[in-house]
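Novice: Sharing structure15.cif here; it has mmCIF, C-alpha atoms.
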data_work
loop_
_atom_site.label_atom_id
_atom_site.label_comp_id
_atom_site.auth_asym_id
_atom_site.auth_seq_id
_atom_site.Cartn_x
_atom_site.Cartn_y
_atom_site.Cartn_z
CA MET A 1 4.54 -23.98 5.03
CA LYS A 2 2.33 -21.99 7.43
CA ILE A 3 4.17 -19.91 10.01
CA ASP A 4 1.96 -20.97 12.92
CA GLN A 5 2.82 -24.63 12.25
CA PHE A 6 6.58 -24.04 12.10
CA ASN A 7 8.92 -24.41 15.07
CA PHE A 8 11.84 -21.98 14.82
CA ALA A 9 13.78 -23.48 17.75
CA GLY A 10 17.51 -23.40 16.98
CA LYS A 11 16.90 -21.86 13.55
CA LYS A 12 18.03 -18.56 12.09
CA ALA A 13 15.20 -16.88 10.21
CA ILE A 14 15.71 -14.03 7.77
CA VAL A 15 12.55 -11.94 7.67
CA ARG A 16 11.69 -9.35 5.01
CA VAL A 17 9.89 -6.65 6.96
CA ASP A 18 8.63 -3.27 5.81
CA PHE A 19 10.37 -0.80 8.11
CA ASN A 20 10.11 2.05 5.59
CA VAL A 21 8.75 4.29 8.35
CA PRO A 22 8.47 8.10 8.29
CA LEU A 23 11.25 10.01 10.08
CA ASP A 24 11.46 13.65 11.13
CA GLU A 25 14.45 15.90 10.30
CA ASN A 26 16.30 14.51 13.34
CA GLY A 27 15.86 10.89 12.26
CA HIS A 28 13.17 10.12 14.83
CA VAL A 29 10.30 7.78 13.88
CA THR A 30 7.02 9.72 13.61
CA ASP A 31 4.74 6.71 12.98
CA ASP A 32 5.78 3.18 13.93
CA THR A 33 2.67 1.38 12.56
CA ARG A 34 4.80 -0.74 10.23
CA ILE A 35 7.16 -1.78 13.01
CA ARG A 36 4.22 -2.80 15.18
CA GLY A 37 2.71 -4.70 12.24
CA ALA A 38 5.74 -7.02 12.06
CA LEU A 39 5.84 -7.85 15.79
CA PRO A 40 3.65 -11.01 15.82
CA THR A 41 5.94 -12.71 13.27
CA LEU A 42 9.19 -11.56 14.92
CA LYS A 43 8.01 -12.53 18.41
CA LYS A 44 6.86 -15.98 17.27
CA ILE A 45 10.40 -16.70 15.99
CA LEU A 46 12.06 -15.46 19.19
CA ASP A 47 9.54 -17.16 21.50
CA ASP A 48 10.15 -20.48 19.71
CA GLY A 49 13.86 -20.14 20.48
CA GLY A 50 14.96 -18.98 17.06
CA ALA A 51 17.18 -16.04 16.06
CA VAL A 52 15.78 -13.36 13.77
CA ILE A 53 17.55 -11.38 11.03
CA MET A 54 15.43 -8.46 9.84
CA MET A 55 15.92 -6.88 6.43
CA SER A 56 14.12 -3.88 4.94
CA HIS A 57 14.44 -0.92 2.62
CA MET A 58 13.94 2.73 3.51
CA GLY A 59 13.25 5.50 1.02
CA LYS A 60 14.74 5.59 -2.46
CA PRO A 61 18.55 5.81 -2.16
CA LYS A 62 18.87 4.42 -5.73
CA GLY A 63 21.66 1.96 -4.99
CA LYS A 64 23.87 4.47 -3.15
CA VAL A 65 24.71 4.70 0.55
CA ASN A 66 22.83 7.65 2.02
CA PRO A 67 22.87 8.26 5.80
CA LYS A 68 19.44 9.92 5.54
CA PHE A 69 18.00 6.49 4.74
CA SER A 70 20.04 4.44 7.21
CA LEU A 71 18.08 1.90 9.25
CA SER A 72 20.49 2.55 12.13
CA GLN A 73 18.07 5.39 12.99
CA ILE A 74 15.30 2.97 13.95
CA VAL A 75 17.25 0.38 15.97
CA ALA A 76 16.11 1.86 19.30
CA ASN A 77 12.45 1.84 18.21
CA VAL A 78 12.60 -1.76 17.01
CA SER A 79 14.40 -2.82 20.22
CA GLU A 80 11.76 -1.16 22.37
CA ARG A 81 8.83 -2.69 20.49
CA LEU A 82 10.40 -6.15 20.22
CA GLY A 83 11.57 -6.22 23.82
CA VAL A 84 15.12 -7.33 22.95
CA ASP A 85 18.35 -5.42 22.34
CA VAL A 86 18.48 -5.44 18.53
CA LYS A 87 21.97 -5.65 17.02
CA PHE A 88 22.79 -3.79 13.79
CA ALA A 89 24.82 -4.83 10.73
CA PRO A 90 26.04 -1.66 8.92
CA ASP A 91 26.31 -3.46 5.55
CA CYS A 92 23.57 -5.89 4.56
CA ALA A 93 25.84 -7.81 2.17
CA LYS A 94 28.73 -8.13 4.64
CA ALA A 95 26.98 -9.36 7.76
CA ASP A 96 28.51 -12.85 8.06
CA GLU A 97 30.23 -12.18 11.39
CA ALA A 98 27.18 -10.58 12.97
CA VAL A 99 25.00 -13.48 11.77
CA ALA A 100 27.46 -16.12 13.01
CA ALA A 101 27.47 -14.55 16.48
CA LEU A 102 23.67 -14.50 16.68
CA GLN A 103 22.27 -16.72 19.45
CA PRO A 104 18.73 -18.14 19.89
CA GLY A 105 16.41 -15.40 21.13
CA GLU A 106 18.55 -12.63 19.62
CA ALA A 107 17.71 -10.19 16.83
CA LEU A 108 19.78 -8.47 14.15
CA LEU A 109 18.73 -5.67 11.78
CA LEU A 110 20.56 -5.37 8.45
CA GLU A 111 21.32 -2.00 6.88
CA ASN A 112 19.05 -0.67 4.11
CA LEU A 113 18.82 -3.21 1.27
CA ARG A 114 18.45 -0.46 -1.32
CA PHE A 115 21.95 0.82 -0.64
CA TYR A 116 22.66 -1.94 -3.20
CA ALA A 117 21.17 -1.48 -6.70
CA GLU A 118 20.97 -5.28 -6.84
CA GLU A 119 18.01 -5.21 -4.43
CA GLU A 120 15.72 -3.60 -7.02
CA GLY A 121 17.61 -5.21 -9.90
CA LYS A 122 17.70 -2.14 -12.13
CA PRO A 123 20.76 -0.36 -13.54
CA THR A 124 21.05 3.10 -11.99
CA ASP A 125 23.63 4.88 -14.16
CA VAL A 126 22.46 3.97 -17.69
CA GLU A 127 19.72 5.68 -19.68
CA LYS A 128 16.58 3.62 -20.14
CA GLY A 129 15.70 2.50 -23.66
CA THR A 130 19.32 2.44 -24.92
CA PRO A 131 21.20 -0.70 -26.08
CA GLU A 132 23.56 -0.11 -23.14
CA TYR A 133 20.58 -0.32 -20.76
CA GLU A 134 19.57 -3.73 -22.15
CA ALA A 135 23.08 -5.11 -21.58
CA ALA A 136 23.30 -3.52 -18.14
CA SER A 137 19.88 -4.98 -17.21
CA LYS A 138 21.01 -8.48 -18.14
CA ALA A 139 24.17 -8.12 -16.05
CA MET A 140 22.16 -6.68 -13.18
CA LYS A 141 19.79 -9.68 -13.12
CA ALA A 142 22.79 -11.96 -12.58
CA SER A 143 24.08 -9.66 -9.83
CA GLN A 144 20.63 -9.59 -8.24
CA LYS A 145 20.67 -13.40 -7.96
CA GLU A 146 24.09 -13.28 -6.30
CA PHE A 147 22.87 -10.62 -3.87
CA ALA A 148 19.75 -12.66 -3.03
CA HIS A 149 21.90 -15.77 -2.56
CA LYS A 150 24.14 -13.85 -0.15
CA LEU A 151 21.14 -12.77 1.94
CA ALA A 152 19.78 -16.34 1.88
CA SER A 153 23.11 -17.71 3.13
CA TYR A 154 22.54 -16.01 6.51
CA ALA A 155 19.58 -18.16 7.50
CA ASP A 156 17.87 -21.56 7.63
CA VAL A 157 14.41 -20.14 6.99
CA TYR A 158 12.95 -17.26 4.93
CA VAL A 159 9.84 -15.37 6.00
CA ASN A 160 8.25 -12.61 3.92
CA ASP A 161 6.14 -10.27 6.05
CA ALA A 162 6.43 -7.12 3.91
CA PHE A 163 3.13 -6.77 2.06
CA GLY A 164 3.97 -3.20 1.06
CA THR A 165 6.65 -4.54 -1.32
CA ALA A 166 4.92 -7.79 -2.34
CA HIS A 167 4.21 -6.36 -5.82
CA ARG A 168 7.94 -5.91 -6.49
CA LYS A 169 10.19 -8.69 -7.81
CA HIS A 170 13.15 -7.57 -5.72
CA ALA A 171 16.03 -9.64 -4.36
CA SER A 172 14.64 -9.73 -0.83
CA THR A 173 10.95 -10.07 -1.73
CA ALA A 174 10.96 -12.76 -4.42
CA VAL A 175 14.37 -13.85 -5.77
CA ILE A 176 15.66 -14.98 -2.34
CA ALA A 177 12.82 -17.53 -2.06
CA ASP A 178 14.48 -19.65 -4.78
CA TYR A 179 17.25 -20.53 -2.32
CA PHE A 180 14.90 -22.17 0.22
CA ASP A 181 12.87 -25.38 -0.15
CA LYS A 182 9.09 -25.22 0.25
CA ASP A 183 9.24 -26.23 3.93
CA SER A 184 11.74 -23.48 4.76
CA LYS A 185 9.93 -20.45 3.33
CA MET A 186 6.63 -18.93 4.40
CA LEU A 187 4.50 -15.83 4.66
CA GLY A 188 4.54 -13.97 7.98
CA PHE A 189 1.38 -13.31 9.98
CA LEU A 190 0.91 -9.81 8.51
CA MET A 191 1.26 -11.08 4.93
CA GLU A 192 -1.21 -13.89 5.64
CA LYS A 193 -3.73 -11.38 6.99
CA GLU A 194 -3.28 -9.10 3.96
CA VAL A 195 -3.74 -11.94 1.46
CA LYS A 196 -6.83 -13.15 3.36
CA ALA A 197 -8.33 -9.63 3.46
CA ILE A 198 -7.96 -9.26 -0.32
CA ASP A 199 -9.44 -12.73 -0.88
CA ASN A 200 -12.39 -11.70 1.31
CA VAL A 201 -13.29 -8.88 -1.07
CA LEU A 202 -12.27 -10.45 -4.39
CA LYS A 203 -13.30 -14.09 -3.94
CA ASN A 204 -15.65 -14.33 -0.97
CA ALA A 205 -17.53 -11.01 -1.04
CA GLU A 206 -21.01 -10.86 0.41
CA HIS A 207 -23.37 -8.65 -1.63
CA PRO A 208 -24.16 -5.82 -2.05
CA PHE A 209 -20.44 -5.14 -2.66
CA THR A 210 -19.40 -1.48 -2.94
CA ALA A 211 -16.00 -0.15 -4.03
CA ILE A 212 -15.12 3.47 -3.26
CA ILE A 213 -12.26 4.60 -5.49
CA GLY A 214 -10.87 8.11 -5.00
CA GLY A 215 -7.60 9.94 -5.45
CA SER A 216 -6.30 12.24 -8.13
CA LYS A 217 -5.78 10.24 -11.33
CA VAL A 218 -7.84 7.81 -13.39
CA SER A 219 -4.62 6.58 -15.04
CA SER A 220 -3.27 5.13 -11.78
CA LYS A 221 -6.44 3.13 -11.05
CA LEU A 222 -7.95 2.28 -14.43
CA GLY A 223 -6.96 -1.40 -14.22
CA VAL A 224 -8.43 -1.64 -10.72
CA ILE A 225 -11.72 -0.05 -11.80
CA LYS A 226 -12.03 -2.38 -14.82
CA ASN A 227 -11.37 -5.51 -12.75
CA LEU A 228 -13.87 -4.42 -10.08
CA LEU A 229 -16.68 -3.97 -12.62
CA ASP A 230 -17.00 -7.78 -12.77
CA LYS A 231 -17.29 -8.03 -8.99
CA VAL A 232 -19.09 -5.06 -7.45
CA ASP A 233 -22.72 -3.96 -7.29
CA ASN A 234 -21.82 -0.30 -6.67
CA LEU A 235 -18.79 1.71 -7.76
CA ILE A 236 -18.36 5.14 -6.17
CA ILE A 237 -15.79 7.31 -7.97
CA GLY A 238 -14.72 10.45 -6.10
CA GLY A 239 -11.80 12.80 -5.69
CA GLY A 240 -9.82 14.33 -8.54
CA MET A 241 -10.38 11.39 -10.88
CA GLY A 242 -14.11 12.11 -10.96
CA TYR A 243 -13.67 15.29 -13.02
CA THR A 244 -12.32 13.32 -16.00
CA PHE A 245 -15.63 11.40 -16.02
CA ILE A 246 -17.64 14.65 -15.82
CA LYS A 247 -15.69 16.38 -18.61
CA ALA A 248 -15.98 13.26 -20.77
CA GLN A 249 -19.79 13.67 -20.58
CA GLY A 250 -19.56 17.29 -21.69
CA GLY A 251 -19.45 18.89 -18.25
CA HIS A 252 -17.70 22.20 -17.57
CA ILE A 253 -15.14 21.53 -14.83
CA GLY A 254 -13.30 24.89 -14.59
CA GLU A 255 -9.71 24.39 -13.44
CA SER A 256 -10.39 20.98 -11.83
CA LEU A 257 -7.82 18.22 -12.10
CA HIS A 258 -8.45 15.93 -15.07
CA GLU A 259 -6.80 13.79 -17.77
CA ASP A 260 -8.06 14.59 -21.27
CA ASP A 261 -6.43 11.52 -22.81
CA LEU A 262 -8.37 9.28 -20.38
CA MET A 263 -11.80 10.67 -21.30
CA PRO A 264 -12.54 7.89 -23.87
CA GLU A 265 -11.63 5.30 -21.19
CA ALA A 266 -13.90 7.05 -18.69
CA LEU A 267 -16.82 6.74 -21.13
CA ASN A 268 -15.92 3.07 -21.74
CA VAL A 269 -16.01 2.44 -17.97
CA MET A 270 -19.43 4.10 -17.71
CA GLN A 271 -20.79 2.01 -20.58
CA ALA A 272 -19.27 -1.20 -19.16
CA ALA A 273 -20.85 -0.45 -15.77
CA LYS A 274 -24.22 0.02 -17.46
CA ASP A 275 -23.83 -3.23 -19.44
CA LYS A 276 -22.88 -5.18 -16.32
CA GLY A 277 -25.62 -3.68 -14.16
CA VAL A 278 -23.18 -1.89 -11.86
CA ASN A 279 -24.42 1.29 -10.18
CA LEU A 280 -21.64 3.82 -10.92
CA SER A 281 -22.01 6.86 -8.67
CA LEU A 282 -20.20 10.15 -9.29
CA SER A 283 -20.44 13.46 -7.42
CA VAL A 284 -23.53 15.52 -8.25
CA ALA A 285 -22.10 18.74 -6.78
CA THR A 286 -18.69 19.80 -5.53
CA VAL A 287 -17.09 22.19 -3.08
CA ALA A 288 -15.10 24.39 -5.50
CA ALA A 289 -12.29 26.79 -4.60
CA ASN A 290 -10.77 29.77 -6.41
CA LYS A 291 -7.22 28.46 -5.80
CA PHE A 292 -5.48 25.28 -4.64
CA SER A 293 -5.05 26.36 -1.04
CA ASN A 294 -6.53 25.60 2.39
CA ASP A 295 -7.61 29.22 2.85
CA ALA A 296 -9.15 29.64 -0.63
CA ASP A 297 -12.66 31.04 -1.08
CA SER A 298 -15.11 28.20 -1.65
CA GLN A 299 -18.64 27.60 -2.91
CA VAL A 300 -20.83 24.58 -3.62
CA VAL A 301 -21.57 24.23 -7.34
CA ASP A 302 -23.19 21.74 -9.70
CA ILE A 303 -20.51 19.25 -10.81
CA PHE A 304 -21.31 19.88 -14.50
CA ASN A 305 -21.04 23.67 -14.15
CA ILE A 306 -17.88 24.63 -12.28
CA PRO A 307 -17.10 28.29 -13.11
CA ASP A 308 -13.91 29.32 -14.93
CA GLY A 309 -11.07 29.96 -12.49
CA TRP A 310 -12.53 27.56 -9.89
CA GLU A 311 -11.64 23.92 -9.18
CA GLY A 312 -13.39 21.05 -7.43
CA MET A 313 -11.78 20.38 -4.04
CA ASP A 314 -14.20 18.24 -2.02
CA ALA A 315 -17.41 16.24 -2.21
CA SER A 316 -20.61 18.17 -1.46
CA GLU A 317 -23.20 17.23 1.19
CA GLU A 318 -25.60 16.15 -1.56
CA SER A 319 -23.01 13.76 -3.03
CA LEU A 320 -22.17 12.46 0.44
CA GLU A 321 -25.83 11.75 1.21
CA ASN A 322 -26.07 9.67 -1.99
CA TRP A 323 -22.94 7.75 -1.07
CA LYS A 324 -23.98 7.28 2.56
CA LYS A 325 -27.12 5.43 1.47
CA ILE A 326 -25.10 3.13 -0.84
CA ILE A 327 -22.40 2.42 1.79
CA LEU A 328 -24.81 1.72 4.65
CA GLU A 329 -26.72 -0.80 2.52
CA SER A 330 -23.50 -2.67 1.61
CA LYS A 331 -22.23 -5.97 3.03
CA THR A 332 -18.71 -5.73 1.56
CA ILE A 333 -16.83 -2.42 1.19
CA LEU A 334 -13.48 -1.69 -0.41
CA TRP A 335 -12.14 1.86 -0.01
CA ASN A 336 -9.05 3.24 -1.71
CA GLY A 337 -8.36 6.97 -2.08
CA PRO A 338 -9.78 10.24 -0.69
CA VAL A 339 -12.79 12.04 -2.19
CA GLY A 340 -11.32 15.52 -1.73
CA VAL A 341 -8.08 17.38 -1.09
CA PHE A 342 -7.71 15.59 2.23
CA GLU A 343 -4.38 17.25 3.12
CA PHE A 344 -6.21 20.60 3.49
CA ASP A 345 -8.38 20.63 6.64
CA ASN A 346 -10.98 22.84 4.98
CA PHE A 347 -11.47 20.28 2.21
CA ALA A 348 -11.15 17.07 4.25
CA HIS A 349 -14.82 16.87 5.26
CA GLY A 350 -15.88 14.53 2.44
CA THR A 351 -13.11 12.03 3.13
CA GLU A 352 -13.86 12.14 6.88
CA GLN A 353 -17.53 11.40 6.20
CA ILE A 354 -16.67 8.45 3.93
CA ALA A 355 -14.48 7.07 6.74
CA ARG A 356 -17.39 7.45 9.19
CA TYR A 357 -19.91 5.79 6.84
CA VAL A 358 -17.57 2.81 6.25
CA ALA A 359 -17.06 2.45 10.03
CA GLN A 360 -20.81 2.71 10.66
CA ALA A 361 -21.60 0.05 8.03
CA THR A 362 -19.02 -2.24 9.64
CA GLN A 363 -19.99 -1.70 13.27
CA GLU A 364 -23.77 -1.42 12.99
CA ASN A 365 -24.63 -3.42 9.89
CA GLY A 366 -21.97 -6.16 10.00
CA ALA A 367 -20.32 -5.24 6.68
CA TYR A 368 -16.78 -6.44 5.88
CA SER A 369 -14.63 -3.40 5.09
CA LEU A 370 -11.12 -3.25 3.64
CA VAL A 371 -9.37 0.13 3.63
CA GLY A 372 -6.07 0.64 1.80
CA GLY A 373 -3.94 3.34 0.20
CA GLY A 374 -2.02 6.11 1.98
CA ASP A 375 -4.71 8.78 2.31
CA SER A 376 -7.56 6.38 3.12
CA VAL A 377 -5.43 4.80 5.84
CA ALA A 378 -4.41 8.27 7.07
CA ALA A 379 -8.11 9.22 7.22
CA VAL A 380 -9.22 6.25 9.36
CA ASN A 381 -6.20 6.85 11.62
CA LYS A 382 -6.74 10.63 11.86
CA PHE A 383 -10.38 10.18 12.91
CA ASN A 384 -9.59 7.22 15.22
CA LEU A 385 -11.62 4.78 13.16
CA ALA A 386 -8.94 2.19 12.29
CA ASP A 387 -10.36 -0.26 14.84
CA LYS A 388 -13.91 0.36 13.57
CA VAL A 389 -13.27 -1.11 10.09
CA SER A 390 -12.57 -4.78 9.35
CA TYR A 391 -9.05 -4.43 7.95
CA VAL A 392 -6.59 -1.63 7.19
CA SER A 393 -4.06 -2.68 4.55
CA THR A 394 -0.40 -1.75 5.03
CA GLY A 395 0.42 -1.81 1.32
CA GLY A 396 -1.33 0.62 -1.02
CA GLY A 397 0.48 -0.32 -4.24
CA ALA A 398 0.47 -4.06 -3.52
CA MET A 399 -3.22 -3.97 -2.60
CA LEU A 400 -4.10 -2.12 -5.80
CA GLU A 401 -2.18 -4.59 -7.98
CA ALA A 402 -3.84 -7.54 -6.23
CA ILE A 403 -7.28 -5.96 -6.77
CA GLU A 404 -6.36 -5.33 -10.40
CA GLY A 405 -5.97 -9.11 -10.67
CA LYS A 406 -2.19 -9.13 -10.94
CA ILE A 407 -0.07 -11.82 -9.33
CA LEU A 408 2.10 -10.46 -6.52
CA PRO A 409 5.70 -11.76 -6.93
CA GLY A 410 6.31 -11.70 -3.16
CA VAL A 411 3.35 -14.03 -2.58
CA ALA A 412 3.88 -16.21 -5.66
CA ALA A 413 7.54 -16.84 -4.71
CA ILE A 414 6.29 -18.66 -1.62
CA GLU A 415 2.86 -19.99 -2.55
CA GLY A 416 3.74 -20.80 -6.17
#
Show me the file's structure as structure tokens.
Specialist:
Amino acid sequence: MKIDQFNFAGKKAIVRVDFNVPLDENGHVTDDTRIRGALPTLKKILDDGGAVIMMSHMGKPKGKVNPKFSLSQIVANVSERLGVDVKFAPDCAKADEAVAALQPGEALLLENLRFYAEEEGKPTDVEKGTPEYEAASKAMKASQKEFAHKLASYADVYVNDAFGTAHRKHASTAVIADYFDKDSKMLGFLMEKEVKAIDNVLKNAEHPFTAIIGGSKVSSKLGVIKNLLDKVDNLIIGGGMGYTFIKAQGGHIGESLHEDDLMPEALNVMQAAKDKGVNLSLSVATVAANKFSNDADSQVVDIFNIPDGWEGMDASEESLENWKKIILESKTILWNGPVGVFEFDNFAHGTEQIARYVAQATQENGAYSLVGGGDSVAAVNKFNLADKVSYVSTGGGAMLEAIEGKILPGVAAIEG
């Protein structure tokens, strides 16, 4: 069922949202992007004359009640954005009374789902790999179904609009869908947009197609890189992961971040790119620093000859010029991960320039650009470029798994 074709009048809809928003030390929301992202779905339900029950996780309380992660802290923000006085249920598994009292046009927010270990479906107090863990896991799966059934009992309709958790087979993201027939479960507007954006780059890409993969570790993105080699014309690899590729070729990388055990894989990727006719572009020079600090001394050095005691911290102008040419000639662009130590202002230049090139290719050359992953999203937001790219994904991990070719449980539970 498509959400825009469904009439929620007189129905209670339980919606899995992603309200895992950042809070300051006083419990105030510092960035409400995720709350705003859910509004079209929530407002559609209320405008139709339905009642909405919102459920989300926050942080990693590991199945224990922890006031630091209570969703009670965001009720005022959600109320303000939604334009209705949001009610709050202080226990997500004991909300029957609050749900029963809910009238059409009203909204209820349940307490943090992860205060129950059943949400994630993993035993919390047993050591992994032991026979006890196996038994506890089996028991937990049964409990997870009961927990999901309880949540399902609150509503007539289930809507999943939390793309950030779509790669998890949790009670509220996948298991709950089993308790609704196909006409009573659907993706929310945000989820639909996310799935479409990924399809645009994986299934309907216009060429030349360029993927820019940055970040610190090859190990976290190896599957993504391998899957992309069958789809892209250009693969730009930057950031910390690039130094593993340089060392694998015999380069001297000083103290730069790298993974020795991934060097054979790095060489395999380079060979596979060559065999498939993919232009794999690495840094040619780097901005190196004498310590991992914003105020470190820095110098531009050849990427294959970083001096002892120095580490690569940002992409050089020469590397950026190479990448600019590739990006501006592209018709489809996927960007995940920074190309330098973006959290330090003095080493954020490379990542800022990548953001500007992607925006320029989109605005001036009509490219389709998908940006995802925490630091890439932070970069386009920091430099006010979010509205200059085609789509900014809300779910880094889910986006990566989808690009790796994995099936997302949160999507499969509804679409089959």
Novice: Rounded to one decimal, what separation in Å do you get between CA of Ala148 in chain A and CA of Ser172 in chain A?
Specialist: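 Pair CA of Ala148 in chain A / CA of Ser172 in chain A returns 6.3 Å.
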Novice: What would the selection look like, as an mmCIF file with C-alpha atoms, in the frame of the given file, if the PyMOL selection byres ((chain A and resi 276) around 12) were run on the coordinates I just shared?
Specialist:
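Writing the result to part-v9.cif gives the following:
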data_model
loop_
_atom_site.group_PDB
_atom_site.id
_atom_site.type_symbol
_atom_site.label_atom_id
_atom_site.label_comp_id
_atom_site.auth_asym_id
_atom_site.auth_seq_id
_atom_site.Cartn_x
_atom_site.Cartn_y
_atom_site.Cartn_z
ATOM 1 C CA LYS A 226 -12.030 -2.380 -14.820
ATOM 2 C CA LEU A 228 -13.870 -4.420 -10.080
ATOM 3 C CA LEU A 229 -16.680 -3.970 -12.620
ATOM 4 C CA ASP A 230 -17.000 -7.780 -12.770
ATOM 5 C CA LYS A 231 -17.290 -8.030 -8.990
ATOM 6 C CA VAL A 232 -19.090 -5.060 -7.450
ATOM 7 C CA ASP A 233 -22.720 -3.960 -7.290
ATOM 8 C CA ASN A 234 -21.820 -0.300 -6.670
ATOM 9 C CA LEU A 235 -18.790 1.710 -7.760
ATOM 10 C CA VAL A 269 -16.010 2.440 -17.970
ATOM 11 C CA MET A 270 -19.430 4.100 -17.710
ATOM 12 C CA GLN A 271 -20.790 2.010 -20.580
ATOM 13 C CA ALA A 272 -19.270 -1.200 -19.160
ATOM 14 C CA ALA A 273 -20.850 -0.450 -15.770
ATOM 15 C CA LYS A 274 -24.220 0.020 -17.460
ATOM 16 C CA ASP A 275 -23.830 -3.230 -19.440
ATOM 17 C CA GLY A 277 -25.620 -3.680 -14.160
ATOM 18 C CA VAL A 278 -23.180 -1.890 -11.860
ATOM 19 C CA ASN A 279 -24.420 1.290 -10.180
ATOM 20 C CA LEU A 280 -21.640 3.820 -10.920
#
Novice: Write out as a PDB file with C-alpha atoms, in the coordinates of the input the residues lying within 8 Å of Val411 in chain A, counting all atoms listed in the file and excluding same-chain residues fewer than 4 positions away.
Specialist:
ATOM      1  CA  ALA A 166       4.920  -7.790  -2.340  1.00  0.00           C
ATOM      2  CA  ALA A 174      10.960 -12.760  -4.420  1.00  0.00           C
ATOM      3  CA  LEU A 187       4.500 -15.830   4.660  1.00  0.00           C
ATOM      4  CA  ILE A 407      -0.070 -11.820  -9.330  1.00  0.00           C
ATOM      5  CA  GLU A 415       2.860 -19.990  -2.550  1.00  0.00           C
ATOM      6  CA  GLY A 416       3.740 -20.800  -6.170  1.00  0.00           C
TER       7      GLY A 416
END
Novice: Compare A:Val392, A:Ile403, A:Val99, A:Ile14 by their minimum atom-to-atom distance to Ala177 in chain A, counting all atoms listed in the file, and give me the closest one.
Specialist: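 Nearest to Ala177 in chain A: A:Ile14.
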Novice: Evaluating the PyMOL selection byres ((chain A and resi 154) around 10) on the displayed file yields which residues, as a PyMOL selection string?
Specialist: chain A and resi 12-14+53+93+95-100+149-153+155-158
Novice: Do you know which residues the PyMOL selection byres ((chain A and resi 112) around 8) returns on this file, as a ChimeraX atom specification?
Specialist: /A:55-58,69-71,91-92,110-111,113-115
Novice: Keeping C-alpha atoms for every residue in the selection just given, could you write it to a file as an mmCIF file, in the coordinates of the input?
Specialist:
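Everything below was put into part03.cif:
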data_model
loop_
_atom_site.group_PDB
_atom_site.id
_atom_site.type_symbol
_atom_site.label_atom_id
_atom_site.label_comp_id
_atom_site.auth_asym_id
_atom_site.auth_seq_id
_atom_site.Cartn_x
_atom_site.Cartn_y
_atom_site.Cartn_z
ATOM 1 C CA MET A 55 15.920 -6.880 6.430
ATOM 2 C CA SER A 56 14.120 -3.880 4.940
ATOM 3 C CA HIS A 57 14.440 -0.920 2.620
ATOM 4 C CA MET A 58 13.940 2.730 3.510
ATOM 5 C CA PHE A 69 18.000 6.490 4.740
ATOM 6 C CA SER A 70 20.040 4.440 7.210
ATOM 7 C CA LEU A 71 18.080 1.900 9.250
ATOM 8 C CA ASP A 91 26.310 -3.460 5.550
ATOM 9 C CA CYS A 92 23.570 -5.890 4.560
ATOM 10 C CA LEU A 110 20.560 -5.370 8.450
ATOM 11 C CA GLU A 111 21.320 -2.000 6.880
ATOM 12 C CA LEU A 113 18.820 -3.210 1.270
ATOM 13 C CA ARG A 114 18.450 -0.460 -1.320
ATOM 14 C CA PHE A 115 21.950 0.820 -0.640
#
Novice: Determine, counting all atoms listed in the file, which protein, DNA and RNA residues have an atom within 9 Å of an atom of range 309-324 of chain A; residues of the same chain fewer than 4 positions away are not included. Present the result as an MDAnalysis selection string.
Specialist: chainID A and resid 236 238:240 243 253:257 281:292 298 300:301 303 328:329 339:342 346:351 353:354 357:358
Novice: Would you list the contacts of Leu108 in chain A as a VMD selection string, taking every protein, DNA or RNA residue within 7 Å and counting all atoms listed in the file, but skipping same-chain residues closer than 5 positions in sequence?
Specialist: chain A and resid 52 to 54 86 to 88
Novice: Neighbouring residues of Val377 in chain A were defined as those with any atom within 8 Å, considering all atoms listed in the file; residues of the same chain fewer than 3 positions away were excluded. Please report them as a list of chain:residue names.
Specialist: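 In the requested format, the answer is A:Val371, A:Gly372, A:Gly373, A:Gly374, A:Val380, A:Asn381, A:Ala386, A:Val392, A:Ser393.
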Novice: A:Asn160, A:Thr332, A:Thr394, A:Ser376: which is nearest Gly188 in chain A, counting all atoms listed in the file?
Specialist: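 Of A:Asn160, A:Thr332, A:Thr394, A:Ser376, the one nearest Gly188 in chain A is A:Asn160, counting all atoms listed in the file.
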Novice: Please build the interface table for range 57-82 of chain A against range 35-50 of chain A with a cut-off of 8 Å, listing for each qualifying residue the nearest atom pair and the distance in Å to one decimal; count all atoms listed in the file, order rows by chain and increasing number, and write it as JSON lines.
Specialist:
{"residue": "A:Val78", "atom": "CA", "partner": "A:Ile35", "partner_atom": "CA", "distance": 6.8}
{"residue": "A:Arg81", "atom": "CA", "partner": "A:Arg36", "partner_atom": "CA", "distance": 7.0}
{"residue": "A:Leu82", "atom": "CA", "partner": "A:Leu39", "partner_atom": "CA", "distance": 6.6}
Novice: In the coordinate frame of the file, compute which residues have an atom within 8 Å of (0.8, 4.8, 11.0) when using only C-alpha atoms, and state them as a list in words.
Specialist: Asp31, Asp32, Thr33, Arg34, Ala378 and Asn381 of chain A
Novice: Measuring atom to atom with all atoms listed in the file, identify which of A:Phe344, A:Trp335, A:Tyr133, A:Phe6 is nearest to Ser390 in chain A.
Specialist: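 Between A:Phe344, A:Trp335, A:Tyr133, A:Phe6, the residue approaching Ser390 in chain A most closely is A:Trp335.
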Novice: Would you mind reading off the distance between CA of Ser219 in chain A and CA of Leu408 in chain A, one decimal, in Å?
Specialist: 20.2 Å
Novice: Given all atoms listed in the file as the basis, pick out the residue of A:Ser293, A:Thr362, A:Ser216, A:Asn305 nearest to Gly250 in chain A.
Specialist: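 Closest residue, counting all atoms listed in the file: A:Asn305.
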Novice: What does the distance between CA of Gln249 in chain A and CA of Leu334 in chain A come to in Å, to one decimal place?
Specialist: 26.1 Å
